[in-house]
Protein chains: 2
Amino acid sequence: MNDEAIAILGGTGDQGLGLALRFAKAGRPVVIGSRKEARAIAAADEVRKAVEGADVVGLENAEATAQAPVVILSVPFEHTASTVKGIRDALAPGQILVSMGVPLATAIGDGPVRTVGVWQGSCAELVASLAPNDVATVSAFQNVAAHRLQDLPHPVECDVLVSGPKEPRQRVMALCELVPGLRAIDGGPLANARIVEEITALLIGLNARYKVPEGLGWRLTGLPD
Amino acid sequence: MNDEAIAILGGTGDQGLGLALRFAKAGRPVVIGSRKEARAIAAADEVRKAVEGADVVGLENAEATAQAPVVILSVPFEHTASTVKGIRDALAPGQILVSMGVPLATAIGDGPVRTVGVWQGSCAELVASLAPNDVATVSAFQNVAAHRLQDLPHPVECDVLVSGPKEPRQRVMALCELVPGLRAIDGGPLANARIVEEITALLIGLNARYKVPEGLGWRLTGLPD
């Protein structure tokens with residue numbers, strides 16, 4: 001396992017691919033995971049085309065999981081539980097799972113401007129409930145628009161609330177800073193993901209209302225430098 | 001009833017008083033409401049001391065309600081239902097009730113960084129469920145820090161998500177613009193208050209974590225001019 005590597009499961013989707021592009025551009029080795037290896041390989045090719053010298057591979061999810069200390073889950077909410085169950089045996093003590101999922105109501109055929117309730121409180125807490133006890137779950141990146149991530153020439157003007165256990169949280173906060181424009185905010189305990197996830201549904205509604213297909217972001221005001 | 005007047009029930013509290021100061025400073029007649037008239041009068045005196053020429057009176061809640069086309073509810077969450085029930089008969093068709101309450105868990109003796117679930121979905125929807133049918137409920141101002149509102153020499157750097165029925169929503173959005181720094185955002189249907197209210201609990205946690213007693217705010221990024 002390469003200590004610098006970042007695995008992104010569902011790295012074939014819009015937001016996951018966007019993160020893969022940004023981390024590759026920042027010079028980090030990227031491992032794209034997918035349920036189907038062929039799709040992961042195709043996404044890796046895409047990153048290589050967009051980022052000169054990108055160190056990126058595509059693997060099936062469980063194989064990708066074993067390649068990096070930090071594993072980002074970027075799968076549709078309805079595939080979250082099955083994905084975590086599928087990589088459970090591939091996870092090793094000390095690895096960090098990053099939940100960027102949002103329980104959008106699209107999971108039940110309703111629209112993306114609303115959410116469904118999650119028994120555990122949030123997608124991130126669902127992930128934590130299914131992950132091995134010696135693997136920390138951290139919540140991050142939910143409010144970052146896919147289009148802005150993929151638009152490599154421009155910074156992504158957005159704050160990223162990172163919540164979860166302290167030390168893993170700080171490691172994920174450092175990852176945010178690899179992406180120009182992103183600012184990591186200490187979001188405290190994992191349960192705060194309940195609020196951060198909901199903000200995504202609010203932003204999706206605002207994107208439509210204000211006709212911003214590239215996607216809005218948000219920043220805190222009044223923070224000391 | 002003065003068409004320009006704004007009533008603020010719970011205008012004796014930190015956030016309500018802050019709004020009263022700002023609207024008075026913007027030259028609007030302000031009616032402060034409280035359960036106890038004497039407290040409302042004292043708060044009105046305070047506004048008059050801080051804002052030269054302020055047109056402000058203090059009245060008992062139901063009396064205050066009858067004085068303005070827009071009635072802002074700025075009471076602790078646990079007093080929301082009783083306050084709305086208490087002013088129900090004083091409300092006239094076409095008036096607008098503005099909910100700025102947040103179901104902070106302080107209502108049940110827990111902390112302000114968490115919320116309690118509201119059957120109707122949010123404090124704003126609770127208000128709407130209790131208000132007469134011919135009175136529109138609009139959600140706004142939840143995320144604006146009391147201290148920043150009261151700090152009259154400085155603008156309040158915060159976006160205000162305003163949600164509710166279209167025409168009343170637009171009227172409340174116009175009120176936001178009376179306060180330097182506040183930017184009104186079209187927050188769509190009232191149910192979006194569920195998310196906006198939660199953001200307050202997140203901000204209260206961040207205020208403590210980042211040691212910003214004055215209170216953080218937030219702004220959308222990527223919005224067209």
# chains A, B, ... in the order shown; residues from 1 in each chain; ligands from 1
call {"tool": "closest_atom_pairs", "arguments": {"of": "chain B", "to": "chain A", "cutoff": "7 Å", "atoms": "only C-alpha atoms", "output": "Markdown table"}}
result
| residue | atom | partner | partner_atom | distance |
| --- | --- | --- | --- | --- |
| B:Glu157 | CA | A:Thr221 | CA | 6.3 |
| B:Cys158 | CA | A:Thr221 | CA | 6.9 |
| B:Ile195 | CA | A:Glu198 | CA | 6.1 |
| B:Glu198 | CA | A:Ile195 | CA | 6.1 |
| B:Ile199 | CA | A:Ile195 | CA | 6.5 |
| B:Leu216 | CA | A:Gly222 | CA | 5.0 |
| B:Gly217 | CA | A:Thr221 | CA | 4.8 |
| B:Trp218 | CA | A:Leu220 | CA | 4.1 |
| B:Arg219 | CA | A:Arg219 | CA | 5.4 |
| B:Leu220 | CA | A:Trp218 | CA | 4.1 |
| B:Thr221 | CA | A:Gly217 | CA | 4.8 |
| B:Gly222 | CA | A:Leu216 | CA | 5.0 |
| B:Leu223 | CA | A:Leu216 | CA | 6.5 |
call {"tool": "select_by_dssp", "arguments": {"residues": "range 95-138 of chain B", "states": "strand (DSSP E or B)", "output": "list of chain:residue names"}}
result
B:Ile96, B:Leu97, B:Val98, B:Ser99, B:Leu104, B:Thr115, B:Ala136, B:Thr137, B:Val138
call {"tool": "select_by_dssp", "arguments": {"residues": "range 10-196 of chain B", "states": "helix (DSSP H, G or I)", "output": "VMD selection string"}}
result
chain B and resid 14 to 25 37 to 50 61 to 65 77 to 90 105 to 108 123 to 130 146 to 150 166 to 176 190 to 196
call {"tool": "residues_around", "arguments": {"residues": "Gly10 in chain A", "least_positions_apart": "2", "cutoff": "7 Å", "atoms": "only C-alpha atoms", "output": "list of chain:residue names"}}
result
A:Ile8, A:Thr12, A:Gly13, A:Gly16, A:Gly33, A:Ser34, A:Leu73, A:Ser74, A:Val75
call {"tool": "closest_residue", "arguments": {"among": "B:Lys25, B:Met1, B:Cys176, B:Val116", "to": "Lys49 in chain B", "atoms": "only C-alpha atoms"}}
result
B:Lys25
call {"tool": "residues_around", "arguments": {"residues": "Ala64 in chain A", "least_positions_apart": "5", "cutoff": "8 Å", "atoms": "only C-alpha atoms", "output": "list in words"}}
result
Ala7, Ile8, Leu9, Val31, Ile32, Gly33, Gly58 and Leu59 of chain A
call {"tool": "atom_distance", "arguments": {"atom1": "CA of Val30 in chain A", "atom2": "CA of Ala174 in chain A"}}
result
15.8 Å
call {"tool": "residues_around", "arguments": {"residues": "range 83-89 of chain B", "least_positions_apart": "6", "cutoff": "9 Å", "atoms": "only C-alpha atoms", "output": "number ranges by chain"}}
result
B: 9, 35, 61-63, 65-66, 73, 75, 127, 130-132
call {"tool": "write_last_selection", "arguments": {"atoms": "all heavy atoms", "output": "mmCIF file, in the first residue's frame"}}
result
data_model
loop_
_atom_site.group_PDB
_atom_site.id
_atom_site.type_symbol
_atom_site.label_atom_id
_atom_site.label_comp_id
_atom_site.auth_asym_id
_atom_site.auth_seq_id
_atom_site.Cartn_x
_atom_site.Cartn_y
_atom_site.Cartn_z
ATOM 1 N N LEU B 9 -42.017 39.580 17.558
ATOM 2 C CA LEU B 9 -42.435 38.959 18.824
ATOM 3 C C LEU B 9 -41.227 38.215 19.400
ATOM 4 O O LEU B 9 -40.554 37.455 18.690
ATOM 5 C CB LEU B 9 -43.587 37.986 18.587
ATOM 6 C CG LEU B 9 -44.766 38.521 17.765
ATOM 7 C CD1 LEU B 9 -45.942 37.546 17.830
ATOM 8 C CD2 LEU B 9 -45.190 39.913 18.207
ATOM 9 N N ARG B 35 -44.302 38.561 25.838
ATOM 10 C CA ARG B 35 -45.421 38.069 26.645
ATOM 11 C C ARG B 35 -45.779 39.104 27.703
ATOM 12 O O ARG B 35 -46.915 39.279 28.077
ATOM 13 C CB ARG B 35 -45.041 36.719 27.291
ATOM 14 C CG ARG B 35 -45.179 35.546 26.338
ATOM 15 C CD ARG B 35 -44.819 34.247 26.999
ATOM 16 N NE ARG B 35 -43.397 34.208 27.352
ATOM 17 C CZ ARG B 35 -42.818 33.214 28.010
ATOM 18 N NH1 ARG B 35 -43.523 32.185 28.415
ATOM 19 N NH2 ARG B 35 -41.524 33.232 28.266
ATOM 20 N N ASN B 61 -47.640 40.634 23.010
ATOM 21 C CA ASN B 61 -47.559 39.957 21.718
ATOM 22 C C ASN B 61 -48.789 40.130 20.814
ATOM 23 O O ASN B 61 -48.656 40.485 19.635
ATOM 24 C CB ASN B 61 -47.307 38.451 21.920
ATOM 25 C CG ASN B 61 -45.828 38.145 22.152
ATOM 26 O OD1 ASN B 61 -44.962 38.918 21.717
ATOM 27 N ND2 ASN B 61 -45.540 37.045 22.824
ATOM 28 N N ALA B 62 -49.969 39.847 21.355
ATOM 29 C CA ALA B 62 -51.165 39.901 20.503
ATOM 30 C C ALA B 62 -51.432 41.321 20.018
ATOM 31 O O ALA B 62 -51.825 41.540 18.871
ATOM 32 C CB ALA B 62 -52.378 39.347 21.248
ATOM 33 N N GLU B 63 -51.169 42.296 20.897
ATOM 34 C CA GLU B 63 -51.349 43.692 20.479
ATOM 35 C C GLU B 63 -50.324 44.084 19.416
ATOM 36 O O GLU B 63 -50.646 44.770 18.449
ATOM 37 C CB GLU B 63 -51.224 44.620 21.693
ATOM 38 C CG GLU B 63 -52.438 44.556 22.611
ATOM 39 C CD GLU B 63 -52.194 45.281 23.930
ATOM 40 O OE1 GLU B 63 -51.326 46.181 23.977
ATOM 41 O OE2 GLU B 63 -52.858 44.923 24.925
ATOM 42 N N THR B 65 -48.986 42.118 17.289
ATOM 43 C CA THR B 65 -49.342 41.408 16.060
ATOM 44 C C THR B 65 -50.283 42.229 15.178
ATOM 45 O O THR B 65 -50.186 42.198 13.949
ATOM 46 C CB THR B 65 -50.006 40.058 16.425
ATOM 47 O OG1 THR B 65 -49.053 39.278 17.141
ATOM 48 C CG2 THR B 65 -50.485 39.314 15.193
ATOM 49 N N ALA B 66 -51.176 42.948 15.822
ATOM 50 C CA ALA B 66 -52.185 43.697 15.068
ATOM 51 C C ALA B 66 -51.634 44.971 14.436
ATOM 52 O O ALA B 66 -52.342 45.648 13.684
ATOM 53 C CB ALA B 66 -53.353 44.040 15.993
ATOM 54 N N LEU B 73 -41.492 35.990 14.281
ATOM 55 C CA LEU B 73 -41.474 35.216 15.528
ATOM 56 C C LEU B 73 -40.036 34.952 15.931
ATOM 57 O O LEU B 73 -39.320 34.191 15.277
ATOM 58 C CB LEU B 73 -42.168 33.871 15.315
ATOM 59 C CG LEU B 73 -43.689 33.918 15.175
ATOM 60 C CD1 LEU B 73 -44.177 32.608 14.587
ATOM 61 C CD2 LEU B 73 -44.310 34.172 16.542
ATOM 62 N N VAL B 75 -38.954 33.806 19.129
ATOM 63 C CA VAL B 75 -39.081 33.251 20.486
ATOM 64 C C VAL B 75 -38.331 31.924 20.558
ATOM 65 O O VAL B 75 -38.106 31.281 19.542
ATOM 66 C CB VAL B 75 -40.569 33.041 20.858
ATOM 67 C CG1 VAL B 75 -41.314 34.374 20.805
ATOM 68 C CG2 VAL B 75 -41.238 32.027 19.938
ATOM 69 N N VAL B 127 -45.145 26.372 12.752
ATOM 70 C CA VAL B 127 -45.825 27.671 12.758
ATOM 71 C C VAL B 127 -46.931 27.678 11.709
ATOM 72 O O VAL B 127 -48.077 28.069 11.992
ATOM 73 C CB VAL B 127 -44.812 28.813 12.491
ATOM 74 C CG1 VAL B 127 -45.530 30.138 12.234
ATOM 75 C CG2 VAL B 127 -43.843 28.946 13.664
ATOM 76 N N LEU B 130 -50.100 25.938 12.601
ATOM 77 C CA LEU B 130 -50.920 26.566 13.651
ATOM 78 C C LEU B 130 -51.506 27.907 13.217
ATOM 79 O O LEU B 130 -52.431 28.417 13.846
ATOM 80 C CB LEU B 130 -50.082 26.770 14.917
ATOM 81 C CG LEU B 130 -49.601 25.489 15.614
ATOM 82 C CD1 LEU B 130 -48.582 25.829 16.694
ATOM 83 C CD2 LEU B 130 -50.782 24.734 16.213
ATOM 84 N N ALA B 131 -50.955 28.481 12.146
ATOM 85 C CA ALA B 131 -51.418 29.802 11.707
ATOM 86 C C ALA B 131 -52.738 29.672 10.951
ATOM 87 O O ALA B 131 -53.009 28.631 10.357
ATOM 88 C CB ALA B 131 -50.354 30.445 10.806
ATOM 89 N N PRO B 132 -53.549 30.722 10.958
ATOM 90 C CA PRO B 132 -54.772 30.705 10.142
ATOM 91 C C PRO B 132 -54.412 30.496 8.666
ATOM 92 O O PRO B 132 -53.325 30.898 8.217
ATOM 93 C CB PRO B 132 -55.349 32.108 10.362
ATOM 94 C CG PRO B 132 -54.746 32.597 11.634
ATOM 95 C CD PRO B 132 -53.394 31.973 11.720
#
call {"tool": "residues_around", "arguments": {"residues": "Leu152 in chain A", "least_positions_apart": "5", "cutoff": "10 Å", "atoms": "only C-alpha atoms", "output": "ChimeraX atom specification"}}
result
/A:18,21-22,25,50-51,147,179-180
call {"tool": "atom_distance", "arguments": {"atom1": "CA of Asp110 in chain A", "atom2": "CA of Phe141 in chain A"}}
result
22.9 Å
call {"tool": "residues_around", "arguments": {"residues": "Ala54 in chain B", "least_positions_apart": "4", "cutoff": "8 Å", "atoms": "only C-alpha atoms", "output": "NGL selection string"}}
result
:B and (24-25 or 27 or 29 or 47-48)
call {"tool": "closest_residue", "arguments": {"among": "B:Cys123, B:Leu149, B:Val172, B:Val160", "to": "Val71 in chain B", "atoms": "only C-alpha atoms"}}
result
B:Val172
call {"tool": "atom_distance", "arguments": {"atom1": "CA of Val98 in chain B", "atom2": "CA of Ala124 in chain B"}}
result
8.0 Å
call {"tool": "closest_residue", "arguments": {"among": "B:Ser99, B:Ala26, B:Pro93, B:Ala38", "to": "Gln142 in chain B", "atoms": "only C-alpha atoms"}}
result
B:Ser99
call {"tool": "decode", "arguments": {"residues": "range 126-168 of chain A", "atoms": "N, CA and C atoms", "output": "mmCIF file, in the first residue's frame"}}
result
data_model
loop_
_atom_site.group_PDB
_atom_site.id
_atom_site.type_symbol
_atom_site.label_atom_id
_atom_site.label_comp_id
_atom_site.auth_asym_id
_atom_site.auth_seq_id
_atom_site.Cartn_x
_atom_site.Cartn_y
_atom_site.Cartn_z
ATOM 1 N N LEU A 126 -24.392 5.676 8.735
ATOM 2 C CA LEU A 126 -24.694 4.361 8.172
ATOM 3 C C LEU A 126 -23.388 3.644 7.821
ATOM 4 N N VAL A 127 -22.508 4.379 7.139
ATOM 5 C CA VAL A 127 -21.199 3.812 6.769
ATOM 6 C C VAL A 127 -20.453 3.377 8.030
ATOM 7 N N ALA A 128 -20.425 4.246 9.037
ATOM 8 C CA ALA A 128 -19.703 3.930 10.278
ATOM 9 C C ALA A 128 -20.284 2.686 10.955
ATOM 10 N N SER A 129 -21.594 2.532 10.861
ATOM 11 C CA SER A 129 -22.244 1.388 11.517
ATOM 12 C C SER A 129 -21.884 0.069 10.843
ATOM 13 N N LEU A 130 -21.505 0.130 9.587
ATOM 14 C CA LEU A 130 -21.188 -1.086 8.825
ATOM 15 C C LEU A 130 -19.690 -1.346 8.728
ATOM 16 N N ALA A 131 -18.885 -0.325 9.006
ATOM 17 C CA ALA A 131 -17.431 -0.473 8.880
ATOM 18 C C ALA A 131 -16.869 -1.235 10.079
ATOM 19 N N PRO A 132 -15.761 -1.932 9.898
ATOM 20 C CA PRO A 132 -15.105 -2.581 11.038
ATOM 21 C C PRO A 132 -14.747 -1.541 12.101
ATOM 22 N N ASN A 133 -14.723 -1.958 13.362
ATOM 23 C CA ASN A 133 -14.495 -1.021 14.463
ATOM 24 C C ASN A 133 -13.131 -0.332 14.409
ATOM 25 N N ASP A 134 -12.164 -0.992 13.787
ATOM 26 C CA ASP A 134 -10.816 -0.405 13.757
ATOM 27 C C ASP A 134 -10.571 0.427 12.497
ATOM 28 N N VAL A 135 -11.652 0.734 11.794
ATOM 29 C CA VAL A 135 -11.577 1.616 10.622
ATOM 30 C C VAL A 135 -12.422 2.854 10.937
ATOM 31 N N ALA A 136 -11.788 4.035 10.866
ATOM 32 C CA ALA A 136 -12.520 5.266 11.200
ATOM 33 C C ALA A 136 -13.322 5.753 10.007
ATOM 34 N N THR A 137 -14.514 6.264 10.279
ATOM 35 C CA THR A 137 -15.319 6.879 9.222
ATOM 36 C C THR A 137 -15.305 8.390 9.401
ATOM 37 N N VAL A 138 -15.052 9.081 8.296
ATOM 38 C CA VAL A 138 -15.010 10.542 8.290
ATOM 39 C C VAL A 138 -15.960 11.028 7.195
ATOM 40 N N SER A 139 -16.650 12.112 7.460
ATOM 41 C CA SER A 139 -17.593 12.681 6.499
ATOM 42 C C SER A 139 -16.987 13.928 5.853
ATOM 43 N N ALA A 140 -17.066 14.009 4.516
ATOM 44 C CA ALA A 140 -16.484 15.168 3.823
ATOM 45 C C ALA A 140 -16.958 15.231 2.370
ATOM 46 N N PHE A 141 -16.777 16.381 1.745
ATOM 47 C CA PHE A 141 -16.910 16.574 0.286
ATOM 48 C C PHE A 141 -18.348 16.562 -0.250
ATOM 49 N N GLN A 142 -19.364 16.449 0.642
ATOM 50 C CA GLN A 142 -20.738 16.302 0.125
ATOM 51 C C GLN A 142 -21.229 17.516 -0.665
ATOM 52 N N ASN A 143 -20.747 18.709 -0.282
ATOM 53 C CA ASN A 143 -21.312 19.935 -0.861
ATOM 54 C C ASN A 143 -20.533 20.455 -2.070
ATOM 55 N N VAL A 144 -19.532 19.678 -2.494
ATOM 56 C CA VAL A 144 -18.672 20.133 -3.592
ATOM 57 C C VAL A 144 -19.262 19.668 -4.927
ATOM 58 N N ALA A 145 -19.521 20.618 -5.813
ATOM 59 C CA ALA A 145 -20.182 20.298 -7.090
ATOM 60 C C ALA A 145 -19.242 19.528 -8.014
ATOM 61 N N ALA A 146 -19.773 18.475 -8.630
ATOM 62 C CA ALA A 146 -19.002 17.627 -9.539
ATOM 63 C C ALA A 146 -18.407 18.446 -10.680
ATOM 64 N N HIS A 147 -19.219 19.321 -11.251
ATOM 65 C CA HIS A 147 -18.764 20.099 -12.400
ATOM 66 C C HIS A 147 -17.580 20.984 -12.037
ATOM 67 N N ARG A 148 -17.643 21.571 -10.862
ATOM 68 C CA ARG A 148 -16.539 22.444 -10.428
ATOM 69 C C ARG A 148 -15.267 21.623 -10.201
ATOM 70 N N LEU A 149 -15.418 20.407 -9.668
ATOM 71 C CA LEU A 149 -14.252 19.555 -9.456
ATOM 72 C C LEU A 149 -13.601 19.199 -10.794
ATOM 73 N N GLN A 150 -14.433 18.909 -11.772
ATOM 74 C CA GLN A 150 -13.895 18.462 -13.068
ATOM 75 C C GLN A 150 -13.317 19.614 -13.889
ATOM 76 N N ASP A 151 -13.646 20.831 -13.508
ATOM 77 C CA ASP A 151 -13.186 22.005 -14.250
ATOM 78 C C ASP A 151 -11.785 22.391 -13.751
ATOM 79 N N LEU A 152 -10.811 21.594 -14.161
ATOM 80 C CA LEU A 152 -9.461 21.673 -13.578
ATOM 81 C C LEU A 152 -8.791 23.049 -13.632
ATOM 82 N N PRO A 153 -9.022 23.853 -14.672
ATOM 83 C CA PRO A 153 -8.310 25.140 -14.682
ATOM 84 C C PRO A 153 -8.760 26.104 -13.579
ATOM 85 N N HIS A 154 -9.917 25.860 -12.983
ATOM 86 C CA HIS A 154 -10.439 26.829 -12.011
ATOM 87 C C HIS A 154 -10.483 26.258 -10.594
ATOM 88 N N PRO A 155 -10.261 27.131 -9.591
ATOM 89 C CA PRO A 155 -10.382 26.670 -8.201
ATOM 90 C C PRO A 155 -11.843 26.346 -7.870
ATOM 91 N N VAL A 156 -12.051 25.539 -6.863
ATOM 92 C CA VAL A 156 -13.401 25.173 -6.429
ATOM 93 C C VAL A 156 -13.730 26.016 -5.202
ATOM 94 N N GLU A 157 -14.596 26.999 -5.393
ATOM 95 C CA GLU A 157 -14.866 27.943 -4.302
ATOM 96 C C GLU A 157 -15.887 27.341 -3.339
ATOM 97 N N CYS A 158 -15.396 26.570 -2.392
ATOM 98 C CA CYS A 158 -16.319 25.912 -1.468
ATOM 99 C C CYS A 158 -15.595 25.532 -0.174
ATOM 100 N N ASP A 159 -16.307 25.627 0.929
ATOM 101 C CA ASP A 159 -15.797 25.087 2.192
ATOM 102 C C ASP A 159 -16.226 23.626 2.297
ATOM 103 N N VAL A 160 -15.366 22.834 2.927
ATOM 104 C CA VAL A 160 -15.674 21.409 3.114
ATOM 105 C C VAL A 160 -15.735 21.128 4.614
ATOM 106 N N LEU A 161 -16.922 20.816 5.101
ATOM 107 C CA LEU A 161 -17.087 20.446 6.514
ATOM 108 C C LEU A 161 -16.621 19.011 6.680
ATOM 109 N N VAL A 162 -15.632 18.805 7.512
ATOM 110 C CA VAL A 162 -15.093 17.463 7.720
ATOM 111 C C VAL A 162 -15.418 17.053 9.151
ATOM 112 N N SER A 163 -16.140 15.956 9.307
ATOM 113 C CA SER A 163 -16.490 15.533 10.662
ATOM 114 C C SER A 163 -16.155 14.067 10.874
ATOM 115 N N GLY A 164 -15.888 13.731 12.138
ATOM 116 C CA GLY A 164 -15.483 12.364 12.479
ATOM 117 C C GLY A 164 -14.459 12.386 13.598
ATOM 118 N N PRO A 165 -13.908 11.234 13.954
ATOM 119 C CA PRO A 165 -12.906 11.177 15.030
ATOM 120 C C PRO A 165 -11.713 12.077 14.705
ATOM 121 N N LYS A 166 -11.120 12.642 15.755
ATOM 122 C CA LYS A 166 -10.185 13.750 15.576
ATOM 123 C C LYS A 166 -9.013 13.495 14.614
ATOM 124 N N GLU A 167 -8.227 12.469 14.880
ATOM 125 C CA GLU A 167 -7.010 12.278 14.074
ATOM 126 C C GLU A 167 -7.344 11.961 12.608
ATOM 127 N N PRO A 168 -8.232 11.036 12.342
ATOM 128 C CA PRO A 168 -8.614 10.787 10.940
ATOM 129 C C PRO A 168 -9.243 12.018 10.283
#
